[in-house]
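*Asks:* The structure's right below; bear with me while I get my questions together.
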Number of protein chains: 4
Amino acid sequence: MKKVKDFLWKPNLTVEDCVNKFGNLGYQASELKEAVEVILKMKRTNSKIFLSFTSNMVTSGLRGFFAQLCSLKIPNFLVTTSGSIEEDIMKSAGEKFLIFNFDADDVQLHEKGENRIGNLLIKTESYLKFEDLMQKYLKDIYKKKKRISPSELLKEIGLKIKDKNSILYQAARNDISIFCPGIIDSSFGFHLFMFQQKYPDFIVDNIWDMGKITTQLSFEDKKAVISLGGGISKHYSIFSSLLSGGLDYAVYMTTSHPTSGSLSGATTQEAKSWGKIKDDGESATIIGDVTITFPIMMSTVLDKMKKEELI
Amino acid sequence: MKKVKDFLWKPNLTVEDCVNKFGNLGYQASELKEAVEVILKMKRTNSKIFLSFTSNMVTSGLRGFFAQLCSLKIPNFLVTTSGSIEEDIMKSAGEKFLIFNFDADDVQLHEKGENRIGNLLIKTESYLKFEDLMQKYLKDIYKKKKRISPSELLKEIGLKIKDKNSILYQAARNDISIFCPGIIDSSFGFHLFMFQQKYPDFIVDNIWDMGKITTQLSFEDKKAVISLGGGISKHYSIFSSLLSGGLDYAVYMTTSHPTSGSLSGATTQEAKSWGKIKDDGESATIIGDVTITFPIMMSTVLDKMKKEELI
Amino acid sequence: MKKVKDFLWKPNLTVEDCVNKFGNLGYQASELKEAVEVILKMKRTNSKIFLSFTSNMVTSGLRGFFAQLCSLKIPNFLVTTSGSIEEDIMKSAGEKFLIFNFDADDVQLHEKGENRIGNLLIKTESYLKFEDLMQKYLKDIYKKKKRISPSELLKEIGLKIKDKNSILYQAARNDISIFCPGIIDSSFGFHLFMFQQKYPDFIVDNIWDMGKITTQLSFEDKKAVISLGGGISKHYSIFSSLLSGGLDYAVYMTTSHPTSGSLSGATTQEAKSWGKIKDDGESATIIGDVTITFPIMMSTVLDKMKKEELI
Amino acid sequence: MKKVKDFLWKPNLTVEDCVNKFGNLGYQASELKEAVEVILKMKRTNSKIFLSFTSNMVTSGLRGFFAQLCSLKIPNFLVTTSGSIEEDIMKSAGEKFLIFNFDADDVQLHEKGENRIGNLLIKTESYLKFEDLMQKYLKDIYKKKKRISPSELLKEIGLKIKDKNSILYQAARNDISIFCPGIIDSSFGFHLFMFQQKYPDFIVDNIWDMGKITTQLSFEDKKAVISLGGGISKHYSIFSSLLSGGLDYAVYMTTSHPTSGSLSGATTQEAKSWGKIKDDGESATIIGDVTITFPIMMSTVLDKMKKEELI
């Protein structure tokens, strides 16, 4: 068994060295180091990897990092919510989000047209800009296809985007499908509705994407999930893997706990009772805000992959 | 300002008396009492009420209570996930879920065909029974309608169910729409996919339900949300209200915190910056497991409504 | 194995009936019912019971309930912090605490001499009143005893208090020792310091209380803990039991989770590795705010004890 | 207002660069960057700094880092619990703690004499070694002083320790007082008791340390707290600062939330209502496990201090 070893600071410590030291600390630090090992195994075995995340992470600057991971072909599939999509599009159009604070006069913000997400702000005008873009995008896509799956729709939009820091841009160009089981929610969903009012034969067929999953994933593939946050994105990626035999590797990063039975807080152990993770599947769970834990963990993975010439 | 008053036990205390005392205690107890008042105002003003919940709550015995609330016409709309739907159908077919514990040998459970959700178990055979029912239901419904919205689909299924403790049964018979933005997730979604493989012109058009919302809710209506847990169900119900001017009343019951910017933990204050809750909207938030907090709160509401002859 | 059973409201539901129904719900609700059973076993077996709690619970109106439980001789020992003691004394002197809200202008409160604890307020003048009382109490006690243990000191103060809703009053009159391992913290500790400045031979000998524990608890006794919240009060009560062989019964009520290794979030399972809880010890853990969970649970215990003629 | 900026990985990223990028991300990442700035201000202004932490952090390998921070004279005072002290002494005597996992067969661990703290293990034999040392240390110290304050006692022990990674060793040699308001808890407290059984005139006078605080801190000093975790250590350090006018700077790192009114989860805003933090005091709060957040934050602080020639 591994021994606890005292953490000592050295000047100019790299993130990788720091995470190596985390492996000797215990609690969430050693789990984070373990997660690095699990993801390296995913990549060494050419596992098919789902990366799932929630829209608040796209609101934060993790959006560019998700795009970068796509450009490096780390995940094979993304699963997220419609909020993520609309904010990626806004940012691709040059809209800027602001860092404010958690204690705010929200009525005053409302008057100023500033919408708060934790300690971040999105201006109402960013939504207006998004609206214009969406109607334009949808018109173009509708000309090509009247019945479309969400992953096809998002690929088409991605191909129209010019921003290299865009998730949709990079996913579209690196053959990474974006699944969005709740695509009809949020502003994105509302604009689908507005468009359909004019073009009633426009159909977004979400059932089709389950067909895509069953053809792109086989029982022979090693399968893996990196799940950030919870909700429908976490469930959909795990469930998709279950359809072809369950996960070989799983990393959960969340702030939820298992005590109220929610899927968001469900443990990797619980997942084994379902066969969502295989009996001998390897996993790690890190409790904490992903704006801190994910860059630390994933930068370490990338530095180690570079040394192994995996990227 | 109200003063803290010592809680004292009396024999055979009723839940309503207990909650009245909670109003003098502080922290989450006084929030729970405040939530009772907010919901009473919703009902006194004939607000249109969204009740949103996650599937783990249906796994637990809250399912029958949600059905009872529909029979009492408390909510006007339900918003939930596909997991809730499939479990409601299983239970309506007589399937029983078991109470186990949080610490389990999950590999052993897997071998026995028992799937764990917190301290509860669902047998794999319940899913098989569900599969049979679903294909039968879908065949019947498909004969009537090839392109259908989720709320219509769930109403049709509800009308076929015979169990008075079923959410779908009661919603269908009491003119309560069930919205399910992520309906294509889970086993429910998988069986939609299997059915569509045979009948490719079968379409579940989730965009249609946004149209339904916009016609059933007006700017003149008082609007309200009772949100249990987070995720897409919480967001969809709040966003739906925003489309016609935002909420007059909101009660959030959750285990999430606002610190990582997730919608699940987003506060009612934050909602005001968006206009999701009106500037003068009234709200209460209760942090805790809804299997405890919701029956306590809602039983008190019902006892008080009875006295006011509102039910 | 027990089956999940749907919760259904009936008019005028009692707390006991509600908790009985909780036993069929899962998650924290079934844990709460389990905790009721564990506490009933504590009382049926005449276990020596530690009740530990933190000062914020005394700030809230649970203070009177703790006193009532002492009058009913439910616990044998209390373990708490100095903040609890000072607030119990303030309230005994007629000081009132106020219910405000979690979002406050704290700089403005500071100007008004109102100190916030969550959504509660304590006036600075309550501290001034406490100061006067303390110096008077200490003078009297010092005349009798110059070197005193915390439990003796608190008993002496309890005997001077006239308020039946006071924890110190009831503990002193019902032969219940109050242990306060961190007694020198807070205003209470500061006034001990001020007094000792004048009377340097005044000694509060906290080591003595460990002697008291070892004489009042034997390996033959059944031992039990009801731990509300975490911190030093939780640890001290568990550690005290360990000195005479560990706990037969334990109920933990907390908002903390085990993920960062803190004692506050430590599980009853972990406690078994230490022998803090015996291998065959029975336990339950309820995650949630005790202002809600404790009155619900404990009122049910008392109603059931009454039927069994245990009180 | 600052704008959100996408995080992008570069090979061999240093911790400092990573944290600089955190400042553009939002949520807890931007709070962590803010905390770095607040601590730099503490040091630039020669503030008197309290560093408080709980014993589970000493169980983990943060113990050596706390010692290193003392050797670099970062804090002026430490506040912690007796568990921290005993584990620092064990480790100084060469005892090793093990990294295991959160899911364990605790009854089996008990049989093997391995005591679990989260995912870490301490062997029972480490406690036996500690016992021998303690009785030896106490005998020596008793010869010099029969009535002693905790901070004096811990300094004396520190001077006997030979391990440079020991908190007590470095504190004793760098003129840093260790306050331990709950010193009589835990094994440490038990051995004080055993010793006093033989030497009844041995007195650990915890009141004396409040005198020490009042002489070592003045209203003129800038005062600061870095509080890791909650409980009595957090409260004592904040209260100590309040005695001489309140804090100019505060960094809280915790996993607790303010919703149940506990001091562990109390916000820096709430602290202002008490004057614990001055009206214009600067602060940051980071929610997350300190085994991850503290090394990241503090390594960045040290790298920046080095550039400013502050160390």
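Chains: A, B, ... in order of the structure tokens. Residues: from 1 per chain. Ligands: from 1, in order shown.
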Report as a tab-separated table: every residue of chain D with an atom at most 7 Å from chain B, its closest pair of atoms, and their distance in Å to one decimal, counting only C-alpha atoms, with rows sorted by chain and ascending residue number.

*Replies:*
```
residue	atom	partner	partner_atom	distance
D:Tyr27	CA	B:Ser260	CA	5.4
D:Gln28	CA	B:Ser260	CA	6.5
D:Thr259	CA	B:Tyr27	CA	6.5
D:Ser260	CA	B:Tyr27	CA	5.4
D:Gly261	CA	B:Tyr27	CA	6.3
```

*Asks:* At a cut-off of 12 Å, using only C-alpha atoms, what residues contact Thr80 in chain C? Leave out same-chain residues fewer than 5 positions from it and give the result as an MDAnalysis selection string.

*Replies:* (chainID C and resid 50:58 63 66 85:88 150:151 154 167:168 177:183 185 227:237) or (chainID D and resid 182 231:232)

*Asks:* From a DSSP pass on the backbone, collect the residues of range 65-273 of chain A flagged as strand (DSSP E) and hand them back as a ChimeraX atom specification.

*Replies:* /A:77-79,98-99,114-117,120-123,147-148,177-179,203-204,223-228,247-254

*Asks:* Report as a ChimeraX atom specification all protein, DNA and RNA residues lying within 12 Å of Lys198 in chain D, evaluated on only C-alpha atoms, omitting residues in the same chain fewer than 6 positions from it.

*Replies:* /D:135,138-139,142,191-192

*Asks:* Quick one: of A:Asp163, A:Asp6, A:Glu16, A:Glu95, who's nearest to Gln68 in chain D, counting only C-alpha atoms?

*Replies:* A:Asp6

*Asks:* Could you give me, as a list in words, the residues within 9 Å of Glu125 in chain A, counting only C-alpha atoms and dropping anything in the same chain fewer than 2 positions from it?

*Replies:* Glu95, Gly113, Glu114, Ile122, Lys123, Tyr127, Leu128, Lys129 and Phe130 of chain A

*Asks:* What's the 12 Å shell around Phe219 in chain D, counting only C-alpha atoms, without same-chain residues fewer than 6 positions away, as a PDB file with N, CA, C and O atoms, in the first residue's frame?

*Replies:*
```
ATOM      1  N   SER D  47       0.845  41.859   7.769  1.00  0.00           N
ATOM      2  CA  SER D  47      -0.262  41.479   8.635  1.00  0.00           C
ATOM      3  C   SER D  47       0.159  40.330   9.553  1.00  0.00           C
ATOM      4  O   SER D  47       1.011  39.519   9.196  1.00  0.00           O
ATOM      5  N   LYS D  48      -0.449  40.299  10.717  1.00  0.00           N
ATOM      6  CA  LYS D  48      -0.315  39.145  11.615  1.00  0.00           C
ATOM      7  C   LYS D  48      -1.322  38.098  11.130  1.00  0.00           C
ATOM      8  O   LYS D  48      -2.535  38.360  11.113  1.00  0.00           O
ATOM      9  N   ILE D 213      -2.728  36.042  23.338  1.00  0.00           N
ATOM     10  CA  ILE D 213      -3.258  36.656  22.109  1.00  0.00           C
ATOM     11  C   ILE D 213      -3.436  38.158  22.288  1.00  0.00           C
ATOM     12  O   ILE D 213      -3.061  38.944  21.420  1.00  0.00           O
ATOM     13  N   SER D 240     -10.236  35.511  17.946  1.00  0.00           N
ATOM     14  CA  SER D 240      -9.003  36.118  18.473  1.00  0.00           C
ATOM     15  C   SER D 240      -8.706  37.449  17.792  1.00  0.00           C
ATOM     16  O   SER D 240      -8.257  38.405  18.418  1.00  0.00           O
ATOM     17  N   SER D 241      -8.956  37.491  16.492  1.00  0.00           N
ATOM     18  CA  SER D 241      -8.719  38.726  15.744  1.00  0.00           C
ATOM     19  C   SER D 241      -9.725  39.796  16.131  1.00  0.00           C
ATOM     20  O   SER D 241      -9.404  40.984  16.204  1.00  0.00           O
ATOM     21  N   LEU D 242     -10.955  39.341  16.381  1.00  0.00           N
ATOM     22  CA  LEU D 242     -12.015  40.280  16.760  1.00  0.00           C
ATOM     23  C   LEU D 242     -11.647  41.033  18.039  1.00  0.00           C
ATOM     24  O   LEU D 242     -11.965  42.222  18.190  1.00  0.00           O
ATOM     25  N   LEU D 243     -10.927  40.354  18.937  1.00  0.00           N
ATOM     26  CA  LEU D 243     -10.560  40.971  20.219  1.00  0.00           C
ATOM     27  C   LEU D 243      -9.711  42.222  20.022  1.00  0.00           C
ATOM     28  O   LEU D 243      -9.727  43.120  20.866  1.00  0.00           O
ATOM     29  N   SER D 244      -8.964  42.287  18.931  1.00  0.00           N
ATOM     30  CA  SER D 244      -8.205  43.527  18.682  1.00  0.00           C
ATOM     31  C   SER D 244      -8.672  44.226  17.407  1.00  0.00           C
ATOM     32  O   SER D 244      -7.861  44.768  16.658  1.00  0.00           O
ATOM     33  N   GLY D 245      -9.972  44.170  17.154  1.00  0.00           N
ATOM     34  CA  GLY D 245     -10.533  45.044  16.126  1.00  0.00           C
ATOM     35  C   GLY D 245     -10.940  44.407  14.817  1.00  0.00           C
ATOM     36  O   GLY D 245     -11.419  45.092  13.923  1.00  0.00           O
ATOM     37  N   GLY D 246     -10.738  43.122  14.669  1.00  0.00           N
ATOM     38  CA  GLY D 246     -11.232  42.451  13.473  1.00  0.00           C
ATOM     39  C   GLY D 246     -10.214  42.353  12.363  1.00  0.00           C
ATOM     40  O   GLY D 246      -9.144  42.990  12.404  1.00  0.00           O
ATOM     41  N   LEU D 247     -10.555  41.576  11.360  1.00  0.00           N
ATOM     42  CA  LEU D 247      -9.618  41.202  10.300  1.00  0.00           C
ATOM     43  C   LEU D 247      -9.594  42.206   9.155  1.00  0.00           C
ATOM     44  O   LEU D 247     -10.630  42.719   8.734  1.00  0.00           O
ATOM     45  N   ASP D 248      -8.397  42.436   8.646  1.00  0.00           N
ATOM     46  CA  ASP D 248      -8.235  43.202   7.421  1.00  0.00           C
ATOM     47  C   ASP D 248      -8.329  42.297   6.195  1.00  0.00           C
ATOM     48  O   ASP D 248      -8.748  42.740   5.129  1.00  0.00           O
ATOM     49  N   LYS D 278     -13.373  43.517   9.001  1.00  0.00           N
ATOM     50  CA  LYS D 278     -13.693  44.948   8.953  1.00  0.00           C
ATOM     51  C   LYS D 278     -14.581  45.259   7.749  1.00  0.00           C
ATOM     52  O   LYS D 278     -14.557  44.540   6.740  1.00  0.00           O
TER      53      LYS D 278
END
```

*Asks:* Could you name the residues that touch Leu69 in chain B at 10 Å or less, counting only C-alpha atoms, but leaving out those on the same chain fewer than 2 positions away, as a PyMOL selection string?

*Replies:* (chain B and resi 51+63-67+71-75+167+170-171+298+302) or (chain C and resi 8-9)

*Asks:* Please identify which residues in range 95-224 of chain B DSSP calls alpha helix (DSSP H) from the backbone, and express them as a ChimeraX atom specification.

*Replies:* /B:106-112,124-144,150-160,167-173,186-198,207-216

*Asks:* Just checking: using only C-alpha atoms, which residue out of B:Ile89, B:Ala224, B:Val15, B:Met1 ends up closest to Leu159 in chain B?

*Replies:* B:Ile89

*Asks:* Please provide as a VMD selection string all residues within 12 Å of range 10-13 of chain B, with the sequence filter that same-chain residues fewer than 4 positions apart are discarded (counting only C-alpha atoms).

*Replies:* (chain B and resid 17 to 21) or (chain C and resid 12 to 19 65 68 to 69 295 to 307 311)

*Asks:* Name the closest residue to Thr293 in chain A among the candidates D:Val204, D:Leu120, D:Leu32, D:Met42; distances are taken between atoms, counting only C-alpha atoms.

*Replies:*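 Checking each candidate against Thr293 in chain A, we get D:Leu32 as the closest.
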
*Asks:* Nearest to Lys164 in chain A among A:Cys70, A:Leu98, A:Ile148, A:Val107, with distances taken over only C-alpha atoms: which residue is it?

*Replies:* A:Cys70

*Asks:* What does the distance between CA of Glu270 in chain D and CA of Val251 in chain B come to in Å, to one decimal place?

*Replies:*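 Answer for the CA of Glu270 in chain D to CA of Val251 in chain B separation: 24.1 Å.
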
*Asks:* Could you state the separation of CA of Thr254 in chain A and CA of Phe22 in chain A in Å, given to one decimal place?

*Replies:*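 The value is 18.4 Å.
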